[in-house]
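Data file: entry-v7.txt. Format and content: compact mmCIF, C-alpha atoms.
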```
# COMPACT_ATOMS: atom_id res chain seq x y z
CA MET A 27 23.74 5.54 -13.05
CA PHE A 28 20.34 6.08 -11.47
CA GLY A 29 21.25 9.00 -9.21
CA THR A 30 21.53 11.44 -12.11
CA LEU A 31 17.85 11.08 -13.03
CA GLN A 32 15.54 13.87 -12.01
CA GLY A 33 11.90 13.71 -10.97
CA PRO A 34 11.01 10.89 -8.57
CA GLU A 35 14.34 11.49 -6.79
CA LEU A 36 13.01 14.96 -5.90
CA ALA A 37 9.49 13.96 -4.83
CA ARG A 38 8.44 15.21 -1.40
CA THR A 39 5.63 13.87 0.77
CA HIS A 40 3.29 15.59 3.21
CA THR A 41 0.28 14.57 5.29
CA LEU A 42 -2.80 16.69 5.96
CA GLY A 43 -4.38 16.78 9.40
CA ASN A 44 -7.13 14.34 8.39
CA GLY A 45 -4.67 11.74 7.09
CA VAL A 46 -4.72 12.52 3.35
CA ARG A 47 -1.18 12.02 2.03
CA LEU A 48 0.40 14.22 -0.62
CA VAL A 49 3.25 13.72 -3.10
CA CYS A 50 4.77 16.61 -5.03
CA ASP A 51 7.14 15.69 -7.87
CA PRO A 52 8.29 18.81 -9.76
CA VAL A 53 9.90 18.09 -13.14
CA PRO A 54 11.80 21.12 -14.49
CA GLY A 55 11.38 22.18 -18.09
CA LEU A 56 7.92 20.71 -18.75
CA GLN A 57 4.77 22.58 -19.69
CA THR A 58 2.06 20.26 -18.31
CA VAL A 59 1.11 18.70 -14.99
CA ALA A 60 -0.48 15.40 -13.99
CA MET A 61 -2.61 15.02 -10.87
CA VAL A 62 -3.62 11.65 -9.47
CA VAL A 63 -5.87 10.86 -6.52
CA ALA A 64 -5.53 7.22 -5.50
CA ALA A 65 -7.81 5.58 -2.96
CA GLY A 66 -6.19 2.55 -1.39
CA ARG A 67 -9.30 0.42 -1.57
CA GLY A 68 -11.13 -1.34 -4.37
CA ALA A 69 -13.12 -4.41 -5.28
CA ARG A 70 -11.41 -6.65 -2.68
CA TRP A 71 -13.35 -4.88 0.04
CA GLU A 72 -16.72 -5.78 -1.48
CA SER A 73 -18.97 -8.49 -0.10
CA ARG A 74 -20.61 -10.85 -2.56
CA ARG A 75 -23.79 -8.74 -2.44
CA GLN A 76 -21.76 -5.61 -3.22
CA SER A 77 -19.84 -7.07 -6.16
CA GLY A 78 -19.19 -4.36 -8.74
CA TRP A 79 -20.13 -1.42 -6.51
CA SER A 80 -16.65 0.13 -6.55
CA HIS A 81 -16.59 0.20 -10.35
CA LEU A 82 -20.19 1.41 -10.54
CA LEU A 83 -19.37 4.20 -8.08
CA GLU A 84 -16.42 5.22 -10.25
CA HIS A 85 -18.90 5.65 -13.12
CA MET A 86 -21.43 7.51 -11.00
CA VAL A 87 -19.14 10.20 -9.61
CA PHE A 88 -18.57 11.51 -13.14
CA LYS A 89 -22.33 11.95 -13.66
CA GLY A 90 -22.46 14.93 -11.32
CA ALA A 91 -20.50 16.36 -8.38
CA GLY A 92 -20.15 19.59 -6.45
CA GLY A 93 -23.18 21.12 -8.17
CA ARG A 94 -21.89 20.37 -11.68
CA SER A 95 -23.50 18.08 -14.24
CA ALA A 96 -21.60 15.45 -16.21
CA ARG A 97 -21.34 17.86 -19.12
CA GLN A 98 -20.07 20.68 -16.90
CA ILE A 99 -17.45 18.36 -15.40
CA ALA A 100 -16.17 17.48 -18.87
CA GLU A 101 -16.22 21.09 -20.02
CA ALA A 102 -14.39 22.29 -16.90
CA VAL A 103 -11.51 19.90 -17.51
CA GLU A 104 -11.25 20.44 -21.25
CA ALA A 105 -11.49 24.22 -20.98
CA ASP A 106 -7.99 24.18 -19.49
CA GLY A 107 -6.70 21.72 -22.08
CA GLY A 108 -7.09 18.80 -19.69
CA GLN A 109 -8.00 15.14 -19.93
CA MET A 110 -9.55 13.10 -17.13
CA ASN A 111 -10.16 9.43 -16.47
CA ALA A 112 -10.36 6.81 -13.72
CA GLU A 113 -9.98 3.09 -13.14
CA THR A 114 -11.02 0.61 -10.47
CA GLY A 115 -8.81 -2.27 -9.37
CA PHE A 116 -8.93 -4.88 -6.66
CA GLU A 117 -6.93 -2.85 -4.15
CA ARG A 118 -7.17 0.74 -5.30
CA THR A 119 -9.27 3.20 -7.29
CA VAL A 120 -7.41 5.88 -9.23
CA PHE A 121 -8.61 9.21 -10.67
CA HIS A 122 -6.33 11.33 -12.80
CA VAL A 123 -6.14 14.58 -14.74
CA ARG A 124 -3.47 15.74 -17.17
CA THR A 125 -3.61 19.49 -17.85
CA LEU A 126 -1.73 22.74 -18.36
CA PRO A 127 -0.22 24.30 -15.23
CA GLN A 128 -2.98 26.91 -14.96
CA GLY A 129 -5.52 24.07 -14.93
CA LEU A 130 -4.22 22.51 -11.71
CA ASP A 131 -6.39 24.73 -9.49
CA GLY A 132 -9.55 23.64 -11.29
CA ALA A 133 -8.44 20.01 -11.52
CA SER A 134 -7.86 19.81 -7.79
CA ALA A 135 -11.26 21.34 -7.02
CA LEU A 136 -12.97 19.04 -9.50
CA LEU A 137 -11.31 15.84 -8.28
CA SER A 138 -12.19 16.65 -4.69
CA ASP A 139 -15.82 17.23 -5.70
CA ILE A 140 -15.89 13.94 -7.60
CA LEU A 141 -14.45 11.90 -4.74
CA LEU A 142 -16.03 13.70 -1.81
CA ARG A 143 -19.25 15.36 -3.06
CA PRO A 144 -20.81 13.33 -5.91
CA THR A 145 -24.51 13.86 -6.68
CA LEU A 146 -25.49 10.17 -7.06
CA ASN A 147 -28.79 10.94 -8.76
CA PRO A 148 -31.25 7.98 -8.99
CA SER A 149 -31.94 8.52 -12.71
CA ASP A 150 -28.20 8.60 -13.43
CA LEU A 151 -27.79 5.39 -11.46
CA ALA A 152 -30.37 3.59 -13.57
CA GLN A 153 -28.56 4.72 -16.71
CA GLU A 154 -25.09 3.77 -15.50
CA ARG A 155 -26.29 0.32 -14.46
CA ARG A 156 -27.28 -0.23 -18.09
CA VAL A 157 -23.91 1.09 -19.26
CA VAL A 158 -22.01 -1.28 -16.94
CA MET A 159 -24.19 -4.21 -18.00
CA GLN A 160 -23.20 -3.43 -21.61
CA GLU A 161 -19.57 -3.36 -20.48
CA ILE A 162 -20.02 -6.80 -18.89
CA ALA A 163 -21.64 -8.15 -22.07
CA GLU A 164 -18.83 -6.72 -24.18
CA ALA A 165 -16.21 -8.45 -22.00
CA GLU A 166 -18.09 -11.74 -22.26
CA ASP A 167 -18.17 -11.39 -26.05
CA ALA A 168 -14.37 -10.97 -26.20
CA PRO A 169 -12.71 -14.40 -25.78
CA ASP A 170 -9.34 -12.96 -24.78
CA ASP A 171 -11.06 -11.00 -21.99
CA LEU A 172 -13.40 -13.74 -20.82
CA VAL A 173 -10.67 -16.37 -20.51
CA PHE A 174 -8.83 -14.17 -17.99
CA GLU A 175 -11.97 -13.88 -15.85
CA MET A 176 -12.41 -17.66 -16.04
CA ALA A 177 -8.85 -18.28 -14.86
CA GLN A 178 -9.09 -15.74 -12.06
CA SER A 179 -12.32 -17.28 -10.78
CA ALA A 180 -10.58 -20.67 -10.65
CA ALA A 181 -7.49 -19.27 -8.90
CA PHE A 182 -9.45 -17.49 -6.15
CA ALA A 183 -12.77 -19.32 -6.03
CA ASP A 184 -15.53 -17.76 -3.88
CA GLN A 185 -13.36 -14.77 -2.94
CA PRO A 186 -13.34 -11.11 -4.01
CA LEU A 187 -10.15 -11.67 -6.04
CA GLY A 188 -12.01 -14.34 -7.99
CA ARG A 189 -14.95 -12.15 -8.90
CA CYS A 190 -15.20 -9.83 -11.87
CA ILE A 191 -14.53 -6.21 -10.88
CA LEU A 192 -17.52 -5.20 -13.03
CA GLY A 193 -19.95 -7.19 -10.86
CA ASP A 194 -23.12 -8.80 -12.15
CA GLY A 195 -26.79 -7.95 -12.66
CA PRO A 196 -28.16 -8.90 -9.21
CA SER A 197 -25.40 -7.14 -7.26
CA LEU A 198 -25.60 -4.00 -9.40
CA ARG A 199 -29.37 -3.82 -8.95
CA ARG A 200 -28.87 -3.83 -5.17
CA ALA A 201 -26.85 -0.59 -5.36
CA SER A 202 -29.12 2.32 -4.39
CA PRO A 203 -27.95 5.95 -4.23
CA SER A 204 -27.86 5.85 -0.43
CA ALA A 205 -25.95 2.54 -0.41
CA LEU A 206 -23.42 3.94 -2.89
CA SER A 207 -23.08 7.08 -0.78
CA ASP A 208 -22.18 4.99 2.26
CA TRP A 209 -19.83 2.90 0.17
CA ARG A 210 -18.12 6.03 -1.18
CA ALA A 211 -17.45 7.28 2.35
CA CYS A 212 -15.70 4.00 3.17
CA LEU A 213 -13.88 3.51 -0.10
CA TYR A 214 -12.54 7.05 -0.40
CA ALA A 215 -11.87 7.66 3.31
CA PRO A 216 -9.13 10.27 3.88
CA ASP A 217 -6.74 7.88 5.63
CA ARG A 218 -6.55 5.88 2.36
CA LEU A 219 -6.28 8.83 -0.07
CA VAL A 220 -3.05 9.92 -1.75
CA VAL A 221 -2.98 13.07 -3.88
CA SER A 222 0.03 13.05 -6.19
CA VAL A 223 1.20 15.65 -8.72
CA SER A 224 4.05 15.55 -11.20
CA GLY A 225 5.36 18.02 -13.77
CA ALA A 226 5.19 21.80 -13.91
CA VAL A 227 4.05 22.32 -10.33
CA ASP A 228 4.99 24.70 -7.53
CA GLU A 229 5.06 22.83 -4.23
CA ASP A 230 3.70 25.65 -2.05
CA ALA A 231 0.81 26.28 -4.44
CA PHE A 232 0.01 22.57 -4.55
CA LEU A 233 -0.03 22.30 -0.76
CA ARG A 234 -2.48 25.21 -0.54
CA LEU A 235 -4.78 23.58 -3.11
CA ALA A 236 -4.62 20.20 -1.38
CA GLU A 237 -5.47 21.72 2.01
CA ARG A 238 -8.35 23.69 0.47
CA ASP A 239 -9.83 20.78 -1.45
CA PHE A 240 -8.98 17.65 0.57
CA GLY A 241 -8.21 18.98 4.05
CA ARG A 242 -11.84 18.78 5.20
CA ALA A 243 -12.53 15.23 4.05
CA GLU A 244 -14.12 13.33 6.92
CA PRO A 245 -13.59 9.70 7.94
CA ALA A 246 -16.34 7.17 7.30
CA ALA A 247 -18.89 6.71 10.07
CA MET A 248 -18.27 2.94 9.93
CA PRO A 249 -14.68 2.19 8.83
CA LEU A 250 -14.10 -0.83 6.60
CA SER A 251 -12.38 -3.88 8.01
CA PRO A 252 -9.47 -5.31 6.01
CA PRO A 253 -10.47 -7.97 3.48
CA GLU A 254 -10.00 -11.62 4.38
CA PRO A 255 -6.57 -12.98 3.44
CA ALA A 256 -6.61 -14.37 -0.08
CA ARG A 257 -6.32 -18.13 -0.72
CA PHE A 258 -5.07 -19.45 -4.05
CA THR A 259 -7.47 -22.36 -4.44
CA GLY A 260 -6.60 -23.39 -7.99
CA GLY A 261 -8.72 -25.35 -10.44
CA THR A 262 -9.79 -25.35 -14.06
CA ARG A 263 -12.42 -23.62 -16.16
CA THR A 264 -13.27 -24.52 -19.75
CA GLY A 265 -15.67 -22.96 -22.22
CA ASP A 266 -16.81 -24.20 -25.62
CA ARG A 267 -16.66 -21.48 -28.27
CA ASP A 268 -16.66 -21.76 -32.06
CA LEU A 269 -13.35 -19.94 -32.49
CA GLU A 270 -10.48 -20.21 -34.91
CA GLN A 271 -8.03 -20.23 -32.02
CA ALA A 272 -8.15 -21.52 -28.47
CA ASN A 273 -7.45 -18.98 -25.73
CA LEU A 274 -5.39 -20.32 -22.82
CA VAL A 275 -4.53 -18.79 -19.44
CA PHE A 276 -2.32 -20.54 -16.89
CA LEU A 277 -1.84 -19.15 -13.36
CA THR A 278 0.32 -20.06 -10.38
CA PRO A 279 0.53 -18.48 -6.92
CA GLY A 280 2.84 -15.49 -6.78
CA LEU A 281 4.28 -13.19 -4.14
CA ALA A 282 2.85 -10.20 -2.31
CA VAL A 283 3.96 -6.75 -3.41
CA GLY A 284 5.93 -6.16 -0.21
CA ASP A 285 7.66 -9.55 -0.22
CA PRO A 286 11.46 -9.23 -0.45
CA ASP A 287 11.41 -11.75 -3.34
CA ALA A 288 8.74 -9.85 -5.32
CA TRP A 289 11.41 -8.12 -7.42
CA ALA A 290 12.91 -11.48 -8.33
CA ALA A 291 9.42 -12.75 -9.18
CA GLN A 292 9.15 -9.92 -11.70
CA VAL A 293 12.45 -10.98 -13.24
CA PHE A 294 11.15 -14.59 -13.31
CA ALA A 295 8.01 -13.51 -15.23
CA GLU A 296 10.07 -11.39 -17.63
CA CYS A 297 12.42 -14.28 -18.39
CA LEU A 298 9.46 -16.60 -18.88
CA GLY A 299 7.42 -14.56 -21.33
CA GLY A 300 8.16 -10.86 -21.15
CA GLY A 301 9.23 -10.19 -24.71
CA MET A 302 10.30 -11.61 -28.07
CA ALA A 303 13.53 -12.99 -26.60
CA SER A 304 11.76 -14.67 -23.68
CA ARG A 305 11.65 -18.42 -23.24
CA LEU A 306 8.01 -18.87 -24.18
CA PHE A 307 8.12 -16.66 -27.26
CA GLN A 308 11.25 -18.36 -28.54
CA GLU A 309 10.15 -21.91 -27.76
CA ALA A 310 6.39 -21.79 -28.38
CA ARG A 311 6.38 -19.50 -31.40
CA GLU A 312 9.80 -19.25 -33.00
CA ALA A 313 11.18 -22.76 -32.50
CA ARG A 314 8.00 -24.86 -32.65
CA GLY A 315 5.27 -22.69 -34.17
CA LEU A 316 2.77 -23.77 -31.53
CA ALA A 317 1.25 -20.37 -30.79
CA TYR A 318 0.97 -16.99 -32.44
CA ALA A 319 0.56 -15.05 -29.18
CA VAL A 320 2.21 -15.99 -25.89
CA ASP A 321 3.32 -13.86 -22.95
CA ALA A 322 3.75 -13.93 -19.18
CA TRP A 323 3.16 -11.37 -16.44
CA GLY A 324 2.92 -10.99 -12.68
CA GLU A 325 0.26 -9.56 -10.37
CA TYR A 326 1.25 -8.30 -6.91
CA TRP A 327 -1.30 -7.51 -4.19
CA SER A 328 -0.93 -6.71 -0.52
CA ASP A 329 -0.97 -10.30 0.75
CA CYS A 330 -0.57 -12.48 -2.32
CA GLY A 331 0.21 -12.48 -6.02
CA MET A 332 0.18 -14.64 -9.10
CA ILE A 333 2.23 -15.42 -12.17
CA GLY A 334 0.23 -15.77 -15.38
CA VAL A 335 0.72 -16.94 -18.95
CA PHE A 336 -1.59 -16.29 -21.90
CA ALA A 337 -1.41 -18.14 -25.21
CA GLY A 338 -3.51 -18.24 -28.35
CA CYS A 339 -3.14 -21.33 -30.50
CA GLU A 340 -4.87 -23.91 -32.68
CA ALA A 341 -7.11 -26.17 -30.60
CA GLY A 342 -5.15 -29.27 -31.56
CA ARG A 343 -1.92 -27.74 -30.26
CA ALA A 344 -3.25 -26.52 -26.92
CA SER A 345 -2.10 -29.56 -24.95
CA ARG A 346 1.44 -29.22 -26.31
CA VAL A 347 1.43 -25.53 -25.35
CA ALA A 348 0.28 -26.40 -21.83
CA SER A 349 3.08 -28.93 -21.41
CA LEU A 350 5.65 -26.52 -22.76
CA VAL A 351 4.57 -23.69 -20.44
CA ALA A 352 4.74 -25.95 -17.38
CA ASP A 353 8.13 -27.35 -18.39
CA GLN A 354 9.60 -23.90 -18.99
CA MET A 355 8.37 -22.63 -15.63
CA ILE A 356 9.92 -25.62 -13.87
CA ASP A 357 13.23 -25.32 -15.75
CA LEU A 358 13.43 -21.57 -15.16
CA ALA A 359 12.86 -22.04 -11.42
CA ASN A 360 15.69 -24.59 -11.32
CA ALA A 361 18.23 -23.18 -13.76
CA PRO A 362 17.89 -19.54 -14.89
CA ARG A 363 20.57 -18.54 -17.40
CA GLU A 364 22.70 -15.48 -16.79
CA ALA A 365 22.04 -14.08 -20.26
CA GLU A 366 18.27 -14.21 -19.83
CA LEU A 367 18.51 -12.68 -16.37
CA ALA A 368 20.57 -9.77 -17.71
CA ARG A 369 18.03 -9.22 -20.50
CA ALA A 370 15.11 -9.34 -18.04
CA ARG A 371 16.74 -6.88 -15.65
CA ALA A 372 17.48 -4.51 -18.53
CA GLN A 373 13.90 -4.75 -19.79
CA LEU A 374 12.45 -4.01 -16.35
CA LYS A 375 14.73 -1.00 -15.87
CA ALA A 376 13.95 0.28 -19.36
CA GLY A 377 10.26 0.08 -18.50
CA LEU A 378 10.98 2.10 -15.37
CA PHE A 379 12.77 4.82 -17.30
CA MET A 380 10.08 4.95 -19.98
CA ALA A 381 7.35 5.26 -17.35
CA ALA A 382 9.31 8.10 -15.74
CA GLU A 383 9.00 10.01 -18.99
CA SER A 384 5.20 10.02 -18.62
CA LEU A 385 3.96 12.46 -16.01
CA LEU A 386 0.79 10.46 -15.47
CA SER A 387 2.77 7.28 -14.84
CA ARG A 388 5.09 9.11 -12.46
CA ALA A 389 2.24 10.56 -10.42
CA GLU A 390 0.34 7.27 -10.27
CA GLN A 391 3.43 5.24 -9.44
CA ALA A 392 4.31 7.59 -6.59
CA ALA A 393 0.76 7.39 -5.18
CA THR A 394 0.78 3.60 -5.41
CA GLN A 395 4.15 3.37 -3.67
CA VAL A 396 2.94 5.58 -0.83
CA LEU A 397 -0.05 3.27 -0.37
CA THR A 398 2.19 0.20 -0.53
CA PHE A 399 5.46 1.22 1.12
CA GLY A 400 4.52 4.42 2.94
CA ARG A 401 6.69 6.58 0.68
CA PRO A 402 7.72 6.95 -2.98
CA LEU A 403 10.68 4.82 -3.99
CA THR A 404 13.44 6.54 -5.93
CA MET A 405 14.50 5.14 -9.26
CA SER A 406 17.90 4.52 -7.70
CA GLU A 407 16.31 2.20 -5.14
CA ILE A 408 14.22 0.36 -7.68
CA GLY A 409 17.17 -0.03 -10.05
CA GLU A 410 19.32 -1.42 -7.24
CA ARG A 411 16.62 -3.90 -6.23
CA ILE A 412 16.26 -5.12 -9.81
CA ASP A 413 20.04 -5.41 -10.20
CA ALA A 414 20.14 -7.53 -7.04
CA CYS A 415 17.98 -10.21 -8.71
CA ASP A 416 20.72 -12.66 -9.54
CA ALA A 417 20.36 -16.35 -10.34
CA ALA A 418 20.08 -17.32 -6.69
CA ALA A 419 17.31 -14.79 -6.06
CA VAL A 420 15.33 -15.88 -9.12
CA ARG A 421 15.74 -19.57 -8.22
CA ARG A 422 14.46 -18.79 -4.74
CA ALA A 423 11.45 -16.85 -6.07
CA GLY A 424 10.76 -19.53 -8.67
CA SER A 425 10.89 -22.33 -6.13
CA ARG A 426 8.47 -20.45 -3.89
CA ILE A 427 6.11 -19.82 -6.81
CA LEU A 428 6.00 -23.51 -7.75
CA ALA A 429 6.46 -25.06 -4.30
CA SER A 430 2.81 -25.85 -3.60
CA GLY A 431 2.13 -27.45 -6.96
CA GLN A 432 -1.08 -25.42 -7.11
CA SER A 433 -2.22 -23.78 -10.31
CA ALA A 434 -5.27 -22.57 -12.18
CA ALA A 435 -5.99 -22.90 -15.87
CA ALA A 436 -8.72 -21.72 -18.23
CA VAL A 437 -9.33 -22.73 -21.82
CA LEU A 438 -11.89 -21.05 -24.09
CA GLY A 439 -12.39 -22.47 -27.57
CA PRO A 440 -13.10 -25.75 -29.37
CA PRO A 441 -13.44 -28.87 -27.17
CA ALA A 442 -10.23 -30.31 -28.58
CA ALA A 443 -8.33 -27.65 -26.61
CA HIS A 444 -9.97 -28.29 -23.23
CA PRO A 445 -7.61 -31.05 -21.96
CA ALA A 446 -4.81 -28.45 -21.88
CA ALA A 447 -6.13 -27.10 -18.58
CA GLU A 448 -5.68 -30.37 -16.69
CA ILE A 449 -2.41 -31.17 -18.46
CA PHE A 450 -0.85 -27.94 -17.17
CA ARG A 451 -2.09 -28.49 -13.62
CA GLU A 452 -1.01 -32.13 -13.48
CA ARG A 453 2.46 -31.36 -14.81
CA LEU A 454 3.09 -28.67 -12.18
CA ALA A 455 1.63 -30.79 -9.39
CA ARG A 456 3.98 -33.68 -10.24
CA ALA A 457 7.00 -31.36 -10.17
CA ALA A 458 6.29 -29.97 -6.68
CA PRO A 459 8.21 -31.51 -3.75
CA ALA A 460 6.02 -33.73 -1.55
CA GLY A 461 4.38 -31.70 1.20
CA ALA A 462 5.86 -28.44 -0.08
CA GLN A 463 4.03 -25.13 0.24
CA MET A 464 4.74 -21.46 -0.38
CA THR A 465 6.28 -19.63 2.57
```

Have the structure of the file written as structure tokens, please.
Amino acid sequence: MFGTLQGPELARTHTLGNGVRLVCDPVPGLQTVAMVVAAGRGARWESRRQSGWSHLLEHMVFKGAGGRSARQIAEAVEADGGQMNAETGFERTVFHVRTLPQGLDGASALLSDILLRPTLNPSDLAQERRVVMQEIAEAEDAPDDLVFEMAQSAAFADQPLGRCILGDGPSLRRASPSALSDWRACLYAPDRLVVSVSGAVDEDAFLRLAERDFGRAEPAAMPLSPPEPARFTGGTRTGDRDLEQANLVFLTPGLAVGDPDAWAAQVFAECLGGGMASRLFQEAREARGLAYAVDAWGEYWSDCGMIGVFAGCEAGRASRVASLVADQMIDLANAPREAELARARAQLKAGLFMAAESLLSRAEQAATQVLTFGRPLTMSEIGERIDACDAAAVRRAGSRILASGQSAAAVLGPPAAHPAAEIFRERLARAAPAGAQMT
């Protein structure tokens, strides 16, 4: 069923002499092209003093590069009908352009300038610091954003994964143009760059552009060491806010992206709270009316992961929601039902197919897979791995997720909701086998 799909099945990979990897994914019959440049490093590589530098650098490279101003960069992209953006994560930084086929030449030249030859003007830096500080303030003003940061800081206390990707005032003020220039050379080093295109693209033409624009990228003078292995420390965070609803986030350890059980962990999260037919939606909202919003998700990094649940509810019902979430996680890990597994597998595969219909998603997914697995995965492979997640596989993943009894919880809202954080943690801790730990 999967082998008939075009696109990712046809993607071809190449490597330039300096280590930059390329993915070309031609999709017949389309009239646009997406180009993604993914750097396989992000905020996890920052020291405490450098917190937020990767995100600040992402802002700065758009202020001027390759002799062009910020305005000229925007005009160059839009003149060919293109759109450009970027995002910074814990383990990668991604730049992308969507444009007409004739715009690929200019997009490639522009992205290489942005990543390899940014201006990093001091006056621009002062301005972008203020912009990022406004972004931080905006996130702190949004309860459903802030509660996620609170939970993450509890889950990975005193580690890069527990710090806000945006950084903070003191660390951002330490970022000078020369310091950011050195950081750029490390973060966007050619051995960690993947240039991926999807859509109306000729492979030979793309290879010529990639060699022209990225073939001369030089390695950093002082290569970055890998980040320290992450430790899920667990804990609670609570914040008193005069809100109509309490915002709750519950986290447990998860599995690394390359773990053989990571696919089953995705099915576990989908069964738990991945849609309107999921356990949490049906039990917390439909059956009991405890929460208006509730969902679950998974995060998968190179050496660790986490399973998370968000809920918004009345403060007086928060403790009942916390108990319900813990109980459903425990029950799912012990006794997944075949009907819910079939639904979860279908939902995950549908998401795969839908993403394959977006050129930008295809290009970014291929780049991410090259960074993670060394090559793009075909949809046939991914579909087969999802289909292999039977009850035994999901029980195994669930038992590993809950084995340690560790968890993190954050509650933001009226004080009446705050006990929910400890209730969730205590319930999971009691359910864990004595002396058990994730392996």

Test item: residues at most 12 Å from Ser349 of chain A, all atoms listed in the file, excluding those fewer than 2 positions along its chain, as a PyMOL selection string = chain A and resi 276+306+309-310+316+343-347+351-356+445-454

Restricting to all atoms listed in the file, whichever of A:Cys190, A:Ala60, A:Cys212, A:Ala458 is closest to Gly129 of chain A is A:Ala60

Nearest to Ser224 of chain A, restricted to all atoms listed in the file and choosing among A:Pro286, A:Pro54, A:Gly315, A:Gly92, comes out as A:Pro54

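Using all atoms listed in the file for every distance, the candidate list A:Ile140, A:Ala442, A:Ala247, A:Val320 yields A:Ala442 as the residue closest to Gly265 of chain A.
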
Out of A:Ala236, A:Leu83, A:Met405, A:Asp357, which residue has the shortest atom-to-atom distance to Asn147 of chain A when counting only C-alpha atoms?
-> A:Leu83

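If you look at atom CA of Pro253 of chain A and atom CA of Ala295 of chain A, they are 26.9 Å away from each other.
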
Mind giving me the axis-aligned box for segment 352-355 of chain A with 3 Å on every side, centre plus edges in Å to one decimal, as lines of an AutoDock Vina configuration file?
```
center_x = 7.2
center_y = -25.0
center_z = -17.3
size_x = 10.9
size_y = 10.7
size_z = 9.4
```

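Residues in contact range of segment 361-374 of chain A, defined as at most 6 Å between only C-alpha atoms, with sequence neighbours fewer than 4 positions away removed, read Val293, Glu296, Cys297 and Asp357 of chain A.
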
Can you tell me how far atom CA of Arg388 of chain A sits from atom CA of His122 of chain A, in Å to one decimal?
-> 11.6 Å

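Atom pair atom CA of Arg67 of chain A / atom CA of Glu407 of chain A has a distance of 25.9 Å (rounded to one decimal).
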
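Comparing A:Ala337, A:Leu187, A:Val275, A:Val220 by their smallest distance to Val396 of chain A, the closest is A:Val220 (using all atoms listed in the file).
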
List the neighbours of Asp228 of chain A out to 12 Å using all atoms listed in the file; skip same-chain residues closer than 2 positions along the sequence, and give me the result as JSON, numbers by chain.
-> {"A": [37, 38, 49, 50, 51, 52, 53, 54, 59, 127, 128, 130, 131, 223, 224, 225, 226, 230, 231, 232, 233, 234, 235]}

Could you dump the residues just selected with C-alpha atoms as a short mmCIF file (atom, residue, chain, number, x, y, z; two decimals), in the frame of the given file?
```cif
data_model
loop_
_atom_site.label_atom_id
_atom_site.label_comp_id
_atom_site.auth_asym_id
_atom_site.auth_seq_id
_atom_site.Cartn_x
_atom_site.Cartn_y
_atom_site.Cartn_z
CA ALA A 37 9.49 13.96 -4.83
CA ARG A 38 8.44 15.21 -1.40
CA VAL A 49 3.25 13.72 -3.10
CA CYS A 50 4.77 16.61 -5.03
CA ASP A 51 7.14 15.69 -7.87
CA PRO A 52 8.29 18.81 -9.76
CA VAL A 53 9.90 18.09 -13.14
CA PRO A 54 11.80 21.12 -14.49
CA VAL A 59 1.11 18.70 -14.99
CA PRO A 127 -0.22 24.30 -15.23
CA GLN A 128 -2.98 26.91 -14.96
CA LEU A 130 -4.22 22.51 -11.71
CA ASP A 131 -6.39 24.73 -9.49
CA VAL A 223 1.20 15.65 -8.72
CA SER A 224 4.05 15.55 -11.20
CA GLY A 225 5.36 18.02 -13.77
CA ALA A 226 5.19 21.80 -13.91
CA ASP A 230 3.70 25.65 -2.05
CA ALA A 231 0.81 26.28 -4.44
CA PHE A 232 0.01 22.57 -4.55
CA LEU A 233 -0.03 22.30 -0.76
CA ARG A 234 -2.48 25.21 -0.54
CA LEU A 235 -4.78 23.58 -3.11
#
```

For Gly195 of chain A, list every protein, DNA or RNA residue within 12 Å, evaluated using all atoms listed in the file, and leave out those in the same chain fewer than 5 positions away; present the list as a PyMOL selection string.
-> chain A and resi 75-79+82+155-163+190+200-201

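Between Ala96 of chain A and the candidates A:Ala423, A:Val221, A:Leu206, A:Leu146, the tightest atom-to-atom separation, counting only C-alpha atoms, involves A:Leu146.
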
Using only C-alpha atoms, determine which residues lie at most 8 Å from Tyr214 of chain A, disregarding the query and same-chain residues fewer than 4 positions distant; provide the list as a tab-separated table (two decimals) with C-alpha atoms, keeping the file's coordinate frame.
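Okay, this is what ended up in out-v2.tsv:
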```
chain	number	residue	atom	x	y	z
A	65	ALA	CA	-7.81	5.58	-2.96
A	66	GLY	CA	-6.19	2.55	-1.39
A	67	ARG	CA	-9.30	0.42	-1.57
A	141	LEU	CA	-14.45	11.90	-4.74
A	142	LEU	CA	-16.03	13.70	-1.81
A	210	ARG	CA	-18.12	6.03	-1.18
A	218	ARG	CA	-6.55	5.88	2.36
A	219	LEU	CA	-6.28	8.83	-0.07
```
